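A.B. asks: For reference, the structure I am asking about is given below.
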Amino acid sequence: MADSTTLYRFHWPGGATNEGRGEDVADALEKLGFGAASAQALDYYEVIEESPSDHDRHELLKRAYQ
């Protein structure tokens, strides 16, 4: 069964990275032991793997604009 959360890669100042799953960025950071507000300290984050529902929604939107 597919995981219902999204996999994120977090990039911090100084070059450190972490990967974590969550319903959203704040949830993934909290599961990694960071506070949700720590997202403000990130350089940036990437979505590595979408949840199945996010993927389906994005595919639906792409088809709607073709």
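Numbering starts fresh at 1 for the residues of each chain in the structure tokens, the chains themselves are lettered A, B, ... in the order given, and ligands are numbered from 1 as they appear.
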So which residues touch A:Glu19 within 8 Å, counting only C-alpha atoms, skipping near sequence neighbours fewer than 4 positions away, as a VMD selection string?

C.D. replies: chain A and resid 7 to 10

A.B. asks: Find the residues near A:Gln40: any atom within 12 Å, counting only C-alpha atoms, skip ones fewer than 4 places away on the same chain, and give them as a list of chain:residue names.

C.D. replies: A:Phe10, A:His11, A:Trp12, A:Pro13, A:Val25, A:Ala26, A:Leu29, A:Phe34, A:Gly35, A:Ala36, A:Tyr44, A:Tyr45

A.B. asks: Using N, CA, C and O atoms, can you write the selected residues to a file as an mmCIF file, in the first residue's frame?

C.D. replies:
data_model
loop_
_atom_site.group_PDB
_atom_site.id
_atom_site.type_symbol
_atom_site.label_atom_id
_atom_site.label_comp_id
_atom_site.auth_asym_id
_atom_site.auth_seq_id
_atom_site.Cartn_x
_atom_site.Cartn_y
_atom_site.Cartn_z
ATOM 1 N N PHE A 10 14.602 18.809 2.807
ATOM 2 C CA PHE A 10 14.793 20.144 3.366
ATOM 3 C C PHE A 10 16.257 20.554 3.244
ATOM 4 O O PHE A 10 17.146 19.790 3.593
ATOM 5 N N HIS A 11 16.478 21.766 2.754
ATOM 6 C CA HIS A 11 17.822 22.301 2.582
ATOM 7 C C HIS A 11 18.004 23.470 3.550
ATOM 8 O O HIS A 11 17.259 24.442 3.505
ATOM 9 N N TRP A 12 19.016 23.339 4.410
ATOM 10 C CA TRP A 12 19.279 24.314 5.462
ATOM 11 C C TRP A 12 20.487 25.169 5.116
ATOM 12 O O TRP A 12 21.354 24.739 4.360
ATOM 13 N N PRO A 13 20.580 26.354 5.705
ATOM 14 C CA PRO A 13 21.796 27.153 5.533
ATOM 15 C C PRO A 13 23.018 26.328 5.967
ATOM 16 O O PRO A 13 22.935 25.538 6.909
ATOM 17 N N VAL A 25 4.561 20.440 4.929
ATOM 18 C CA VAL A 25 5.933 20.766 5.342
ATOM 19 C C VAL A 25 6.055 20.817 6.858
ATOM 20 O O VAL A 25 6.971 20.235 7.448
ATOM 21 N N ALA A 26 5.123 21.500 7.516
ATOM 22 C CA ALA A 26 5.184 21.637 8.979
ATOM 23 C C ALA A 26 5.110 20.273 9.656
ATOM 24 O O ALA A 26 5.858 20.000 10.600
ATOM 25 N N LEU A 29 8.464 18.412 9.195
ATOM 26 C CA LEU A 29 9.498 18.975 10.073
ATOM 27 C C LEU A 29 9.286 18.540 11.521
ATOM 28 O O LEU A 29 10.246 18.192 12.214
ATOM 29 N N PHE A 34 11.888 18.935 14.471
ATOM 30 C CA PHE A 34 11.977 20.384 14.384
ATOM 31 C C PHE A 34 10.599 20.977 14.660
ATOM 32 O O PHE A 34 9.591 20.340 14.416
ATOM 33 N N GLY A 35 10.565 22.199 15.117
ATOM 34 C CA GLY A 35 9.285 22.887 15.259
ATOM 35 C C GLY A 35 8.759 23.298 13.894
ATOM 36 O O GLY A 35 9.524 23.495 12.949
ATOM 37 N N ALA A 36 7.447 23.417 13.775
ATOM 38 C CA ALA A 36 6.850 23.808 12.495
ATOM 39 C C ALA A 36 7.376 25.162 12.027
ATOM 40 O O ALA A 36 7.525 25.398 10.828
ATOM 41 N N TYR A 44 15.461 26.243 1.266
ATOM 42 C CA TYR A 44 14.342 25.825 0.424
ATOM 43 C C TYR A 44 14.031 24.365 0.720
ATOM 44 O O TYR A 44 14.760 23.698 1.446
ATOM 45 N N TYR A 45 12.930 23.875 0.162
ATOM 46 C CA TYR A 45 12.603 22.458 0.267
ATOM 47 C C TYR A 45 12.120 21.958 -1.080
ATOM 48 O O TYR A 45 11.718 22.726 -1.942
#

A.B. asks: Might you pull out every residue within 7 Å of A:Pro52, with only C-alpha atoms counted and same-chain residues fewer than 3 positions away left off, and present them as a PyMOL selection string?

C.D. replies: chain A and resi 4+55-56

A.B. asks: Using only N, CA, C and O atoms, please write the residues we just selected to a file, as a tab-separated table (two decimals), in the first residue's frame.

C.D. replies:
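Result written to again_34.tsv:
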chain	number	residue	atom	x	y	z
A	4	SER	N	0.52	7.56	2.41
A	4	SER	CA	-0.40	8.67	2.14
A	4	SER	C	0.21	10.04	2.45
A	4	SER	O	-0.49	11.04	2.41
A	55	HIS	N	-0.82	13.61	-6.22
A	55	HIS	CA	-0.46	13.25	-7.60
A	55	HIS	C	-1.71	13.22	-8.47
A	55	HIS	O	-1.71	13.78	-9.57
A	56	ASP	N	-2.76	12.57	-8.01
A	56	ASP	CA	-4.01	12.49	-8.77
A	56	ASP	C	-4.59	13.88	-9.05
A	56	ASP	O	-5.04	14.16	-10.16

A.B. asks: Could you tell me which of A:Arg21, A:Asp27, A:Arg63, A:Glu46 comes closest to A:Asp3 if we count only C-alpha atoms?

C.D. replies: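 Nearest candidate to A:Asp3 out of A:Arg21, A:Asp27, A:Arg63, A:Glu46: A:Arg21.
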
A.B. asks: Can you check which residues of chain A DSSP gives as strand (DSSP E) on the backbone and send them as a VMD selection string?

C.D. replies: chain A and resid 6 to 11 17 to 22 44 to 49

A.B. asks: Skip A:Thr5 itself and residues of its chain fewer than 6 positions away, then list as a ChimeraX atom specification all residues within 6 Å of it, counting only C-alpha atoms.

C.D. replies: /A:21-23,51
